[in-house]
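Student: Let me begin by handing over the structure; questions about it come next.
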Amino acid sequence: MESKNVVRLPVFILIGAAACLALGFSFGKKYGEITPVAIEGASELLGLSFTPAEKDSMIGTLTSQRRKYEGLREFKLDNSVTPSLIFNPLPIGFTPNQVQKDLDWGLPTAVELPEKESDIAYLPVHKLAFLIKSKKLSSERLTKIYLDRIKTYSDTLQCLITLMEESALQKAKAMDQEISEGKYRGPLHGIPYGIKDLLAVKGTKTTWGAMPYKDQEIDQTATVVTKLSDAGGVLVGKFTLGALAMGDVWYGGVTKNPWNLKQGSSGSSAGSASAVSAGLVPFAIGTETLGSIVSPSTRNGVTGLRPTYGRVSKNGAMALSWSMDKIGPISRSALDDGIILSVINGEDAMDRSTIGAAFNYSSKTDVKKLKVGYFKSYFEGEGAGSENNNEVLELLKNQGFELHPVELKTSVNPNSIGLMLMVEGAAAFDELTRLGWDDQLVAQHKNAWPNLFRAARFIPAVEYVQAARQRTVLIAEMHEIMKEYDVIVTPSFGGQQLQVTNLTGHPALCLPNGFNEEGNPTSITLLANLFEEEKLVMLGHLIQNTSDWQAKRPPMFDK
């Protein structure tokens, strides 16, 4: 692939002299030579000022540094190579619980098999698990139901990249055979599912949703996929994502919201959320760096769990931001998300950012003993979704919870710290920018990756380190707020909580809580302390057992 960013030989064109001078290149000198004028232009971008003597003194050092950049660029780095500096979200003095207990999901002891296949397709995982274990429903039949629905609806939704029909049916038959032999792997035994197409699976394309990689095959299977397979899961397809994990625009189109086909499904876990909402799978795996589980879960009216940073291995996943990427489930219920998380969580020698921690969910734990706070100011006023958000607070009060008002205040600015994502993304896709492949991405507006990656080249390394240091302060301050409570309830997009908690690595559960005036789903978010996702599942399960928001189906696909 030809590069558009190639340094040319010296050119002497009188017409271009003024433009060259403006860029700091003196007329008659070699193109790209570092001069005091060039340093002045660069320093203005950085918000710094140097004396003429200081600028002159820097020329030799800057020239040497640029040669080192060129040396670095001669070595090809795969996206899978992680930095040697590993982000750790744990505040000083905090250690997650290491004592793993037996899990007790309180699964139903009786579930009737619906007559209509659409009703079967919309059952949550915890009910499908009973039907399969009790042999009322075979994995093969269930898998065929979902495969048929994918074939029927995926083109309409533009949510599918790869259908894995043959391997899925083979796995389903094998799972049925095991049950006939008395072997049962657990609640995901024989359950079909899908994944976001930034997770590698041997023998399939892993496109990252982007044209430059649409034929890419990675000779690896992501750790989360291996774990789900070992638990008996049946992988039926790889779903779309907004190109390189932004939005819902991918190389094949725009993934649609099943509730409103004129609207994109949001992203970047666009296909995963759309497919679950439309009943094409009971659950799918998504990822979040800065809202990519929460936002599509909201838009599509499904339940998404963003785990604590380091809870789930990213081995085999596309890297966008090594210090912010998180992998989690999108499903029809909080309980389902908990079941899935219990399978995919855990340390992984192939991902040095993983942190060992217990995940202890028990249906016997008294959820009413949770201390629940809420970000009070985010519930005030009459903004979008405010009525639905306050209905959740009323529901909790009616269930006997005392709700404690909390304010999210930090001394550092999370917007400034967010430049770390831009730098890491630009580094992860360095060649995309330098070699001009970014022109192939569909989205080319000012806030799309091509422009953001280019602009990120001008963020100084010093400021990146300073942002990382301020992030340490943010982690400590968020820990001080959270440690007084088991769960904090917040509007999903209230204030800066989404940005703050993605930077600090805190877990979040996004739940449907009704519809807006246009008939589109809305959501509420529950936050917990680091590595305490079981409390999110407990409270989310209670909310969903005492409401029917999550049970609603998009009419076009309820057939």
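Here's how to read the names in the structure tokens: chain A, B, ... by the order shown, residue numbers from 1 in each chain, ligand numbers from 1 in the order shown.
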Excluding Ser134 of chain A and any residue of its chain fewer than 4 positions from it, enumerate the residues within 10 Å of it, using only C-alpha atoms, and give them as a list in words.
Tutor: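 Result of the neighbour search: Thr109, Ala110, Val111, Leu128, Ala129, Phe130, Ser138 and Ile179 of chain A.
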Student: Could you please take those selected residues and save N, CA, C and O atoms as an mmCIF file, in the first residue's frame?
Tutor:
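To be explicit, this is the file written out as selection-v8.cif:
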```cif
data_model
loop_
_atom_site.group_PDB
_atom_site.id
_atom_site.type_symbol
_atom_site.label_atom_id
_atom_site.label_comp_id
_atom_site.auth_asym_id
_atom_site.auth_seq_id
_atom_site.Cartn_x
_atom_site.Cartn_y
_atom_site.Cartn_z
ATOM 1 N N THR A 109 -35.976 -23.021 38.766
ATOM 2 C CA THR A 109 -36.123 -24.484 38.838
ATOM 3 C C THR A 109 -37.241 -24.987 37.935
ATOM 4 O O THR A 109 -37.489 -26.191 37.864
ATOM 5 N N ALA A 110 -37.905 -24.052 37.266
ATOM 6 C CA ALA A 110 -38.958 -24.438 36.319
ATOM 7 C C ALA A 110 -39.115 -23.323 35.292
ATOM 8 O O ALA A 110 -39.302 -22.162 35.658
ATOM 9 N N VAL A 111 -39.008 -23.697 34.021
ATOM 10 C CA VAL A 111 -39.222 -22.751 32.925
ATOM 11 C C VAL A 111 -39.989 -23.491 31.836
ATOM 12 O O VAL A 111 -39.593 -24.578 31.407
ATOM 13 N N LEU A 128 -32.754 -19.883 29.442
ATOM 14 C CA LEU A 128 -32.308 -20.825 28.410
ATOM 15 C C LEU A 128 -31.442 -21.917 29.025
ATOM 16 O O LEU A 128 -31.504 -23.088 28.610
ATOM 17 N N ALA A 129 -30.649 -21.556 30.015
ATOM 18 C CA ALA A 129 -29.771 -22.531 30.668
ATOM 19 C C ALA A 129 -30.584 -23.665 31.284
ATOM 20 O O ALA A 129 -30.215 -24.844 31.179
ATOM 21 N N PHE A 130 -31.684 -23.323 31.934
ATOM 22 C CA PHE A 130 -32.535 -24.373 32.521
ATOM 23 C C PHE A 130 -33.124 -25.260 31.433
ATOM 24 O O PHE A 130 -33.155 -26.486 31.564
ATOM 25 N N SER A 138 -32.861 -28.329 22.890
ATOM 26 C CA SER A 138 -31.493 -28.720 22.534
ATOM 27 C C SER A 138 -30.700 -27.502 22.101
ATOM 28 O O SER A 138 -31.253 -26.521 21.578
ATOM 29 N N ILE A 179 -24.491 -33.406 27.189
ATOM 30 C CA ILE A 179 -25.616 -33.462 28.128
ATOM 31 C C ILE A 179 -26.226 -34.858 28.158
ATOM 32 O O ILE A 179 -26.589 -35.374 29.223
#
```
Student: For segment 218-228 of chain A, please output as a VMD selection string all residues within 8 Å (counting only C-alpha atoms; exclusion window: fewer than 2 positions along the same chain).
Tutor: chain A and resid 188 199 to 206 216 230 to 233 312 to 317 343 to 344
Student: Hey, can you spit out that residue selection with all heavy atoms as a short mmCIF file (atom, residue, chain, number, x, y, z; two decimals), in the first residue's frame?
Tutor:
```cif
data_model
loop_
_atom_site.label_atom_id
_atom_site.label_comp_id
_atom_site.auth_asym_id
_atom_site.auth_seq_id
_atom_site.Cartn_x
_atom_site.Cartn_y
_atom_site.Cartn_z
N LEU A 188 -23.66 -21.58 30.72
CA LEU A 188 -23.47 -21.21 29.32
C LEU A 188 -23.37 -22.43 28.41
O LEU A 188 -23.13 -22.30 27.21
CB LEU A 188 -22.22 -20.34 29.16
CG LEU A 188 -22.25 -18.97 29.85
CD1 LEU A 188 -21.03 -18.15 29.47
CD2 LEU A 188 -23.53 -18.20 29.52
N LEU A 199 -12.25 -9.02 18.21
CA LEU A 199 -11.71 -10.18 18.91
C LEU A 199 -11.30 -11.23 17.88
O LEU A 199 -12.09 -11.62 17.03
CB LEU A 199 -12.74 -10.76 19.87
CG LEU A 199 -13.12 -9.87 21.05
CD1 LEU A 199 -14.35 -10.42 21.75
CD2 LEU A 199 -11.97 -9.74 22.03
N ALA A 200 -10.06 -11.67 17.99
CA ALA A 200 -9.52 -12.62 17.01
C ALA A 200 -10.06 -14.02 17.26
O ALA A 200 -10.21 -14.45 18.41
CB ALA A 200 -8.00 -12.63 17.08
N VAL A 201 -10.36 -14.71 16.17
CA VAL A 201 -10.72 -16.13 16.20
C VAL A 201 -10.00 -16.79 15.04
O VAL A 201 -10.13 -16.36 13.89
CB VAL A 201 -12.24 -16.34 16.06
CG1 VAL A 201 -12.58 -17.83 16.00
CG2 VAL A 201 -12.99 -15.67 17.21
N LYS A 202 -9.22 -17.81 15.33
CA LYS A 202 -8.46 -18.50 14.29
C LYS A 202 -9.38 -18.96 13.16
O LYS A 202 -10.47 -19.48 13.40
CB LYS A 202 -7.73 -19.72 14.86
CG LYS A 202 -6.44 -19.40 15.59
CD LYS A 202 -5.71 -20.67 15.99
CE LYS A 202 -4.40 -20.36 16.71
NZ LYS A 202 -3.67 -21.60 17.07
N GLY A 203 -8.93 -18.75 11.94
CA GLY A 203 -9.69 -19.21 10.80
C GLY A 203 -10.79 -18.28 10.34
O GLY A 203 -11.54 -18.62 9.42
N THR A 204 -10.92 -17.11 10.98
CA THR A 204 -11.93 -16.13 10.56
C THR A 204 -11.26 -14.78 10.31
O THR A 204 -10.16 -14.51 10.79
CB THR A 204 -13.01 -15.93 11.63
OG1 THR A 204 -12.43 -15.24 12.77
CG2 THR A 204 -13.59 -17.26 12.09
N LYS A 205 -11.96 -13.93 9.60
CA LYS A 205 -11.50 -12.55 9.46
C LYS A 205 -11.71 -11.80 10.77
O LYS A 205 -12.65 -12.06 11.50
CB LYS A 205 -12.28 -11.83 8.35
CG LYS A 205 -12.09 -12.37 6.96
CD LYS A 205 -12.70 -11.42 5.92
CE LYS A 205 -14.17 -11.16 6.17
NZ LYS A 205 -14.75 -10.22 5.17
N THR A 206 -10.79 -10.88 11.05
CA THR A 206 -10.96 -9.97 12.18
C THR A 206 -10.73 -8.58 11.62
O THR A 206 -9.60 -8.12 11.48
CB THR A 206 -9.98 -10.29 13.32
OG1 THR A 206 -10.15 -11.65 13.73
CG2 THR A 206 -10.21 -9.37 14.51
N GLN A 216 -8.25 -9.01 6.99
CA GLN A 216 -7.23 -9.42 7.95
C GLN A 216 -7.62 -10.72 8.66
O GLN A 216 -8.74 -10.88 9.12
CB GLN A 216 -7.06 -8.31 8.99
CG GLN A 216 -6.17 -8.66 10.17
CD GLN A 216 -6.03 -7.50 11.14
OE1 GLN A 216 -4.97 -6.93 11.27
NE2 GLN A 216 -7.11 -7.13 11.81
N ASP A 230 -14.85 -22.92 26.33
CA ASP A 230 -14.63 -23.94 27.37
C ASP A 230 -15.85 -24.07 28.28
O ASP A 230 -16.10 -25.15 28.84
CB ASP A 230 -13.39 -23.59 28.20
CG ASP A 230 -12.10 -23.74 27.41
OD1 ASP A 230 -12.13 -24.37 26.32
OD2 ASP A 230 -11.06 -23.21 27.86
N ALA A 231 -16.60 -22.98 28.44
CA ALA A 231 -17.80 -23.01 29.29
C ALA A 231 -19.00 -23.56 28.53
O ALA A 231 -20.10 -23.63 29.11
CB ALA A 231 -18.10 -21.60 29.79
N GLY A 232 -18.82 -23.92 27.27
CA GLY A 232 -19.91 -24.50 26.50
C GLY A 232 -20.61 -23.56 25.56
O GLY A 232 -21.57 -23.94 24.89
N GLY A 233 -20.15 -22.30 25.49
CA GLY A 233 -20.78 -21.33 24.60
C GLY A 233 -20.62 -21.71 23.14
O GLY A 233 -19.64 -22.33 22.74
N VAL A 312 -10.88 -8.52 33.01
CA VAL A 312 -11.01 -9.43 31.86
C VAL A 312 -9.83 -9.26 30.92
O VAL A 312 -9.44 -8.13 30.59
CB VAL A 312 -12.32 -9.15 31.10
CG1 VAL A 312 -12.45 -10.07 29.88
CG2 VAL A 312 -13.53 -9.32 32.03
N SER A 313 -9.26 -10.36 30.48
CA SER A 313 -8.11 -10.32 29.59
C SER A 313 -8.45 -9.70 28.25
O SER A 313 -9.48 -9.98 27.65
CB SER A 313 -7.57 -11.74 29.36
OG SER A 313 -6.57 -11.74 28.34
N LYS A 314 -7.53 -8.86 27.75
CA LYS A 314 -7.67 -8.26 26.43
C LYS A 314 -6.81 -8.99 25.40
O LYS A 314 -6.71 -8.54 24.25
CB LYS A 314 -7.26 -6.79 26.49
CG LYS A 314 -8.10 -5.95 27.44
CD LYS A 314 -7.75 -4.49 27.40
CE LYS A 314 -6.38 -4.19 27.97
NZ LYS A 314 -6.29 -4.45 29.41
N ASN A 315 -6.22 -10.10 25.78
CA ASN A 315 -5.39 -10.86 24.84
C ASN A 315 -6.22 -11.29 23.63
O ASN A 315 -7.27 -11.91 23.77
CB ASN A 315 -4.83 -12.11 25.53
CG ASN A 315 -4.03 -12.98 24.59
OD1 ASN A 315 -3.13 -12.51 23.88
ND2 ASN A 315 -4.36 -14.25 24.54
N GLY A 316 -5.76 -10.95 22.45
CA GLY A 316 -6.48 -11.29 21.23
C GLY A 316 -7.48 -10.25 20.79
O GLY A 316 -8.19 -10.45 19.80
N ALA A 317 -7.53 -9.13 21.52
CA ALA A 317 -8.43 -8.04 21.15
C ALA A 317 -7.63 -6.90 20.51
O ALA A 317 -6.48 -6.66 20.88
CB ALA A 317 -9.18 -7.51 22.37
N VAL A 343 -17.41 -16.19 33.81
CA VAL A 343 -16.67 -17.08 32.91
C VAL A 343 -15.45 -16.39 32.31
O VAL A 343 -14.37 -16.98 32.22
CB VAL A 343 -17.61 -17.58 31.78
CG1 VAL A 343 -16.82 -18.29 30.68
CG2 VAL A 343 -18.67 -18.52 32.36
N ILE A 344 -15.59 -15.13 31.91
CA ILE A 344 -14.51 -14.47 31.17
C ILE A 344 -13.52 -13.75 32.07
O ILE A 344 -12.46 -13.32 31.59
CB ILE A 344 -15.07 -13.49 30.13
CG1 ILE A 344 -15.84 -12.33 30.79
CG2 ILE A 344 -15.94 -14.22 29.11
CD1 ILE A 344 -16.32 -11.27 29.79
#
```
Student: How many Å lie between atom CA of Glu217 of chain A and atom CA of Ser342 of chain A, rounded to one decimal?
Tutor: 28.7 Å
Student: So the first atom is atom CA of Ser80 of chain A and the second is atom CA of Ala448 of chain A; what is the distance between them in Å, to one decimal place?
Tutor: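 One can read the atom CA of Ser80 of chain A to atom CA of Ala448 of chain A distance as 22.5 Å.
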Student: Considering only strand (DSSP E) as DSSP defines it on the backbone, what residues of segment 155-284 of chain A qualify? List them as a list in words.
Tutor: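 Everything in segment 155-284 of chain A that counts as strand (DSSP E) is Leu160, Ile161, Thr162, Leu163, Pro192, Tyr193, Gly194, Ile195, Lys196, Val234, Leu235, Val236, Gly237, Lys238, Phe239, Val249, Trp250, Gly253, Val254, Lys256, Asn257, Asn260, Leu261, Lys262, Gln263, Gly264, Phe283 and Ala284 of chain A.
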Student: For each of A:Gln399, A:Thr289, A:Thr354, A:Ser416, take the minimum atom-to-atom distance to Ile459 of chain A, counting only C-alpha atoms, then give the residue where this is smallest.
Tutor: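 Distance minimum relative to Ile459 of chain A lands on A:Ser416.
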Student: Give me the residues within 8 Å of segment 473-488 of chain A as a list in words, counting only C-alpha atoms and dropping any in the same chain fewer than 3 places off.
Tutor: Pro89, Leu90, Pro91, Ile92, Leu370, Lys371, Val372, Gly373, Tyr374, Phe375, Leu408, Thr410, Ser411, Val412, Pro414, Arg469, Gln470, Val500, Leu503, Thr504, Leu526, Leu527, Ala528, Asn529, Lys535 and Leu536 of chain A
Student: Could you give me, as a Markdown table, a per-residue list for segment 328-347 of chain A showing, wherever an atom lies at most 9 Å from an atom of segment 290-308 of chain A, the closest pair of atoms and their distance in Å to one decimal, using only C-alpha atoms and sorting by chain then residue number from low to high?
Tutor:
```
| residue | atom | partner | partner_atom | distance |
| --- | --- | --- | --- | --- |
| A:Gly328 | CA | A:Arg306 | CA | 5.2 |
| A:Pro329 | CA | A:Leu305 | CA | 5.7 |
| A:Ile330 | CA | A:Gly304 | CA | 4.3 |
| A:Ser331 | CA | A:Thr303 | CA | 5.3 |
| A:Arg332 | CA | A:Thr303 | CA | 5.5 |
| A:Ser333 | CA | A:Thr303 | CA | 5.6 |
| A:Ala334 | CA | A:Thr303 | CA | 6.4 |
| A:Asp336 | CA | A:Thr303 | CA | 9.0 |
| A:Asp337 | CA | A:Leu305 | CA | 6.3 |
| A:Gly338 | CA | A:Leu305 | CA | 8.2 |
| A:Leu341 | CA | A:Pro307 | CA | 8.0 |
| A:Asn345 | CA | A:Pro307 | CA | 8.8 |
```
Student: Hey, can you spit out that residue selection with N, CA and C atoms as a short mmCIF file (atom, residue, chain, number, x, y, z; two decimals), in the first residue's frame?
Tutor:
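That gives us selection22.cif:
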```
data_model
loop_
_atom_site.label_atom_id
_atom_site.label_comp_id
_atom_site.auth_asym_id
_atom_site.auth_seq_id
_atom_site.Cartn_x
_atom_site.Cartn_y
_atom_site.Cartn_z
N GLY A 328 -16.53 -6.61 28.03
CA GLY A 328 -17.63 -7.03 28.88
C GLY A 328 -18.83 -7.51 28.10
N PRO A 329 -19.82 -8.07 28.80
CA PRO A 329 -21.01 -8.65 28.15
C PRO A 329 -22.14 -7.66 27.93
N ILE A 330 -22.90 -7.91 26.87
CA ILE A 330 -24.15 -7.21 26.59
C ILE A 330 -25.22 -8.28 26.45
N SER A 331 -26.30 -8.16 27.23
CA SER A 331 -27.30 -9.23 27.25
C SER A 331 -28.68 -8.65 27.54
N ARG A 332 -29.60 -9.52 27.98
CA ARG A 332 -30.95 -9.09 28.29
C ARG A 332 -31.18 -8.83 29.77
N SER A 333 -30.19 -9.15 30.61
CA SER A 333 -30.43 -8.96 32.04
C SER A 333 -29.13 -8.82 32.81
N ALA A 334 -29.23 -8.21 33.99
CA ALA A 334 -28.08 -8.06 34.87
C ALA A 334 -27.55 -9.42 35.30
N ASP A 336 -27.73 -12.26 33.67
CA ASP A 336 -27.00 -12.85 32.55
C ASP A 336 -25.59 -12.28 32.46
N ASP A 337 -25.49 -10.96 32.61
CA ASP A 337 -24.17 -10.32 32.55
C ASP A 337 -23.24 -10.87 33.62
N GLY A 338 -23.79 -11.10 34.81
CA GLY A 338 -22.99 -11.67 35.89
C GLY A 338 -22.51 -13.07 35.56
N LEU A 341 -19.76 -12.74 33.00
CA LEU A 341 -18.54 -12.19 33.59
C LEU A 341 -17.80 -13.23 34.41
N ASN A 345 -13.82 -13.62 33.35
CA ASN A 345 -12.92 -12.86 34.22
C ASN A 345 -11.71 -13.69 34.63
#
```
Student: Counting only C-alpha atoms, give me one row per residue of segment 176-228 of chain A with an atom at most 12 Å from an atom of segment 262-270 of chain A, showing the shortest contact pair and its distance in Å to one decimal, sorted by chain then residue number, as a tab-separated table.
Tutor:
```
residue	atom	partner	partner_atom	distance
A:Gly194	CA	A:Ser269	CA	11.4
A:Ile195	CA	A:Ser269	CA	9.2
A:Lys196	CA	A:Ser269	CA	6.4
A:Asp197	CA	A:Ser269	CA	9.0
A:Leu198	CA	A:Ser269	CA	9.7
A:Leu199	CA	A:Ser269	CA	11.7
A:Trp208	CA	A:Ser268	CA	10.5
A:Gly209	CA	A:Ser268	CA	9.6
```
Student: With only C-alpha atoms as the atoms that count, which of A:Ser363, A:Ser386, A:Asn451, A:Gln158 lies nearest to Pro108 of chain A?
Tutor: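 For Pro108 of chain A, the nearest of the given residues is A:Ser363.
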Student: Give the helix (DSSP H, G or I) residues of segment 391-472 of chain A, as DSSP finds them on the backbone, and put them as a compact mmCIF listing (two decimals) with N, CA and C atoms, in the first residue's frame.
Tutor:
```
# COMPACT_ATOMS: atom_id res chain seq x y z
N GLU A 391 -37.64 7.76 38.09
CA GLU A 391 -38.48 6.58 38.35
C GLU A 391 -37.65 5.45 38.96
N VAL A 392 -36.40 5.35 38.55
CA VAL A 392 -35.52 4.32 39.13
C VAL A 392 -35.28 4.62 40.61
N LEU A 393 -35.04 5.89 40.94
CA LEU A 393 -34.85 6.25 42.35
C LEU A 393 -36.10 5.93 43.15
N GLU A 394 -37.27 6.22 42.60
CA GLU A 394 -38.52 5.92 43.30
C GLU A 394 -38.70 4.42 43.49
N LEU A 395 -38.34 3.66 42.49
CA LEU A 395 -38.43 2.20 42.60
C LEU A 395 -37.57 1.71 43.76
N LEU A 396 -36.35 2.23 43.86
CA LEU A 396 -35.44 1.79 44.93
C LEU A 396 -35.97 2.21 46.30
N LYS A 397 -36.51 3.42 46.38
CA LYS A 397 -37.08 3.87 47.65
C LYS A 397 -38.26 2.97 48.06
N ASN A 398 -39.08 2.61 47.08
CA ASN A 398 -40.22 1.74 47.36
C ASN A 398 -39.80 0.34 47.78
N PRO A 414 -10.90 15.78 34.12
CA PRO A 414 -10.84 14.53 33.35
C PRO A 414 -10.75 14.75 31.85
N ASN A 415 -11.27 15.88 31.37
CA ASN A 415 -11.16 16.16 29.93
C ASN A 415 -9.70 16.26 29.49
N SER A 416 -8.88 16.89 30.33
CA SER A 416 -7.46 17.02 30.00
C SER A 416 -6.76 15.67 30.04
N ILE A 417 -7.11 14.86 31.05
CA ILE A 417 -6.49 13.53 31.17
C ILE A 417 -6.88 12.65 29.99
N LEU A 419 -6.64 13.09 27.03
CA LEU A 419 -5.72 13.10 25.89
C LEU A 419 -4.87 11.82 25.85
N MET A 420 -4.83 11.09 26.97
CA MET A 420 -4.10 9.82 26.98
C MET A 420 -4.69 8.85 25.97
N LEU A 421 -6.02 8.85 25.84
CA LEU A 421 -6.68 8.00 24.86
C LEU A 421 -6.24 8.36 23.44
N MET A 422 -6.17 9.66 23.16
CA MET A 422 -5.76 10.10 21.82
C MET A 422 -4.33 9.65 21.50
N VAL A 423 -3.44 9.80 22.46
CA VAL A 423 -2.03 9.41 22.25
C VAL A 423 -1.92 7.91 22.04
N GLU A 424 -2.57 7.15 22.90
CA GLU A 424 -2.46 5.69 22.80
C GLU A 424 -3.10 5.18 21.51
N GLY A 425 -4.22 5.78 21.12
CA GLY A 425 -4.85 5.40 19.86
C GLY A 425 -3.96 5.71 18.67
N ALA A 426 -3.33 6.88 18.69
CA ALA A 426 -2.43 7.26 17.59
C ALA A 426 -1.24 6.32 17.53
N ALA A 427 -0.76 5.87 18.69
CA ALA A 427 0.37 4.93 18.72
C ALA A 427 -0.07 3.54 18.23
N ALA A 428 -1.27 3.12 18.64
CA ALA A 428 -1.77 1.80 18.23
C ALA A 428 -1.95 1.73 16.72
N ASP A 430 -0.28 3.84 14.43
CA ASP A 430 0.78 4.68 13.91
C ASP A 430 0.93 4.56 12.40
N GLU A 431 1.02 3.33 11.90
CA GLU A 431 1.21 3.13 10.46
C GLU A 431 0.00 3.63 9.66
N LEU A 432 -1.18 3.50 10.22
CA LEU A 432 -2.38 3.95 9.54
C LEU A 432 -2.24 5.42 9.14
N THR A 433 -1.67 6.22 10.05
CA THR A 433 -1.48 7.64 9.79
C THR A 433 -0.26 7.89 8.90
N ARG A 434 0.86 7.32 9.27
CA ARG A 434 2.11 7.62 8.54
C ARG A 434 2.09 7.13 7.09
N TRP A 437 -3.02 5.19 5.15
CA TRP A 437 -4.13 4.25 5.03
C TRP A 437 -5.41 4.83 5.62
N ASP A 438 -5.26 5.89 6.44
CA ASP A 438 -6.44 6.47 7.08
C ASP A 438 -7.43 7.04 6.07
N ASP A 439 -6.99 7.31 4.85
CA ASP A 439 -7.91 7.80 3.82
C ASP A 439 -8.98 6.76 3.47
N GLN A 440 -8.72 5.48 3.79
CA GLN A 440 -9.66 4.43 3.44
C GLN A 440 -10.82 4.31 4.43
N TRP A 449 -11.48 9.30 13.59
CA TRP A 449 -10.12 8.86 13.93
C TRP A 449 -9.02 9.45 13.04
N PRO A 450 -9.18 9.50 11.72
CA PRO A 450 -8.06 10.01 10.91
C PRO A 450 -7.55 11.37 11.39
N ASN A 451 -8.47 12.31 11.61
CA ASN A 451 -8.05 13.63 12.06
C ASN A 451 -7.55 13.61 13.50
N LEU A 452 -8.21 12.84 14.35
CA LEU A 452 -7.79 12.78 15.76
C LEU A 452 -6.40 12.15 15.90
N PHE A 453 -6.14 11.10 15.12
CA PHE A 453 -4.82 10.47 15.19
C PHE A 453 -3.73 11.42 14.68
N ARG A 454 -4.03 12.18 13.63
CA ARG A 454 -3.04 13.14 13.14
C ARG A 454 -2.75 14.19 14.19
N ALA A 455 -3.82 14.74 14.77
CA ALA A 455 -3.64 15.80 15.77
C ALA A 455 -2.90 15.29 17.00
N ALA A 456 -3.11 14.01 17.34
CA ALA A 456 -2.47 13.45 18.53
C ALA A 456 -0.95 13.40 18.39
N ALA A 461 5.11 14.28 24.72
CA ALA A 461 5.27 13.15 25.63
C ALA A 461 5.22 13.62 27.08
N VAL A 462 5.74 14.80 27.35
CA VAL A 462 5.73 15.33 28.72
C VAL A 462 4.28 15.49 29.20
N GLU A 463 3.40 16.01 28.33
CA GLU A 463 2.02 16.21 28.74
C GLU A 463 1.30 14.88 28.94
N TYR A 464 1.67 13.87 28.15
CA TYR A 464 1.08 12.55 28.34
C TYR A 464 1.45 12.01 29.73
N VAL A 465 2.70 12.17 30.11
CA VAL A 465 3.13 11.70 31.43
C VAL A 465 2.44 12.51 32.53
N GLN A 466 2.31 13.80 32.33
CA GLN A 466 1.63 14.63 33.33
C GLN A 466 0.16 14.23 33.46
N ALA A 467 -0.45 13.90 32.33
CA ALA A 467 -1.84 13.43 32.38
C ALA A 467 -1.94 12.12 33.17
N ALA A 468 -0.96 11.23 32.96
CA ALA A 468 -0.95 9.95 33.69
C ALA A 468 -0.80 10.20 35.19
N ARG A 469 -0.01 11.19 35.56
CA ARG A 469 0.18 11.50 36.98
C ARG A 469 -1.11 12.09 37.58
N GLN A 470 -1.77 12.97 36.81
CA GLN A 470 -3.05 13.50 37.29
C GLN A 470 -4.09 12.40 37.38
N ARG A 471 -3.97 11.41 36.53
CA ARG A 471 -4.89 10.27 36.59
C ARG A 471 -4.74 9.53 37.91
N THR A 472 -3.53 9.48 38.44
CA THR A 472 -3.31 8.88 39.75
C THR A 472 -4.10 9.62 40.82
```
Student: Using only C-alpha atoms, which of A:Asp548, A:Met246, A:Leu160, A:Pro491 sits nearest Gly383 of chain A?
Tutor: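 That would be A:Pro491, the residue with the smallest distance to Gly383 of chain A.
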Student: Counting only C-alpha atoms, which residues of segment 427-523 of chain A fall within 8 Å of segment 248-260 of chain A, and what is the closest atom pair for each with its distance in Å at one decimal, ordered by chain and rising number, as a tab-separated table?
Tutor:
```
residue	atom	partner	partner_atom	distance
A:Leu441	CA	A:Tyr251	CA	7.1
A:Val442	CA	A:Tyr251	CA	6.2
A:Ala443	CA	A:Val249	CA	7.0
A:Gly519	CA	A:Trp259	CA	7.9
A:Asn520	CA	A:Trp259	CA	6.4
A:Pro521	CA	A:Trp259	CA	7.8
```
Student: Would you kindly return, as a PyMOL selection string, each protein, DNA or RNA residue with an atom no farther than 9 Å from any atom of Ile355 of chain A, considering only C-alpha atoms and excluding same-chain residues fewer than 4 positions away?
Tutor: chain A and resi 88+96+309-312+346-348
Student: Output N, CA and C atoms of each residue in that selection to a file, as a short mmCIF file (atom, residue, chain, number, x, y, z; two decimals), in the first residue's frame.
Tutor:
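And here's result32.cif as it stands now:
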```cif
data_model
loop_
_atom_site.label_atom_id
_atom_site.label_comp_id
_atom_site.auth_asym_id
_atom_site.auth_seq_id
_atom_site.Cartn_x
_atom_site.Cartn_y
_atom_site.Cartn_z
N ASN A 88 -2.31 0.48 36.08
CA ASN A 88 -2.91 -0.22 37.21
C ASN A 88 -3.92 0.72 37.87
N PRO A 96 -7.91 -5.90 45.94
CA PRO A 96 -9.20 -6.57 45.75
C PRO A 96 -9.27 -7.89 46.49
N TYR A 309 -11.38 -2.29 35.04
CA TYR A 309 -10.19 -2.44 34.21
C TYR A 309 -9.28 -3.50 34.83
N GLY A 310 -8.86 -4.46 34.02
CA GLY A 310 -7.98 -5.52 34.50
C GLY A 310 -8.70 -6.78 34.92
N ARG A 311 -10.04 -6.72 34.98
CA ARG A 311 -10.83 -7.89 35.38
C ARG A 311 -10.83 -8.96 34.27
N VAL A 312 -10.88 -8.52 33.01
CA VAL A 312 -11.01 -9.43 31.86
C VAL A 312 -9.83 -9.26 30.92
N GLY A 346 -10.68 -13.02 35.13
CA GLY A 346 -9.53 -13.73 35.67
C GLY A 346 -8.20 -13.31 35.07
N GLU A 347 -7.14 -13.56 35.83
CA GLU A 347 -5.80 -13.24 35.36
C GLU A 347 -5.46 -14.06 34.12
N ASP A 348 -4.60 -13.48 33.29
CA ASP A 348 -4.15 -14.14 32.07
C ASP A 348 -2.68 -13.82 31.86
#
```
Student: Can you work out the spacing between atom CA of Lys376 of chain A and atom CA of Leu542 of chain A in Å, to one decimal?
Tutor: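 Atom CA of Leu542 of chain A lies 21.4 Å from atom CA of Lys376 of chain A.
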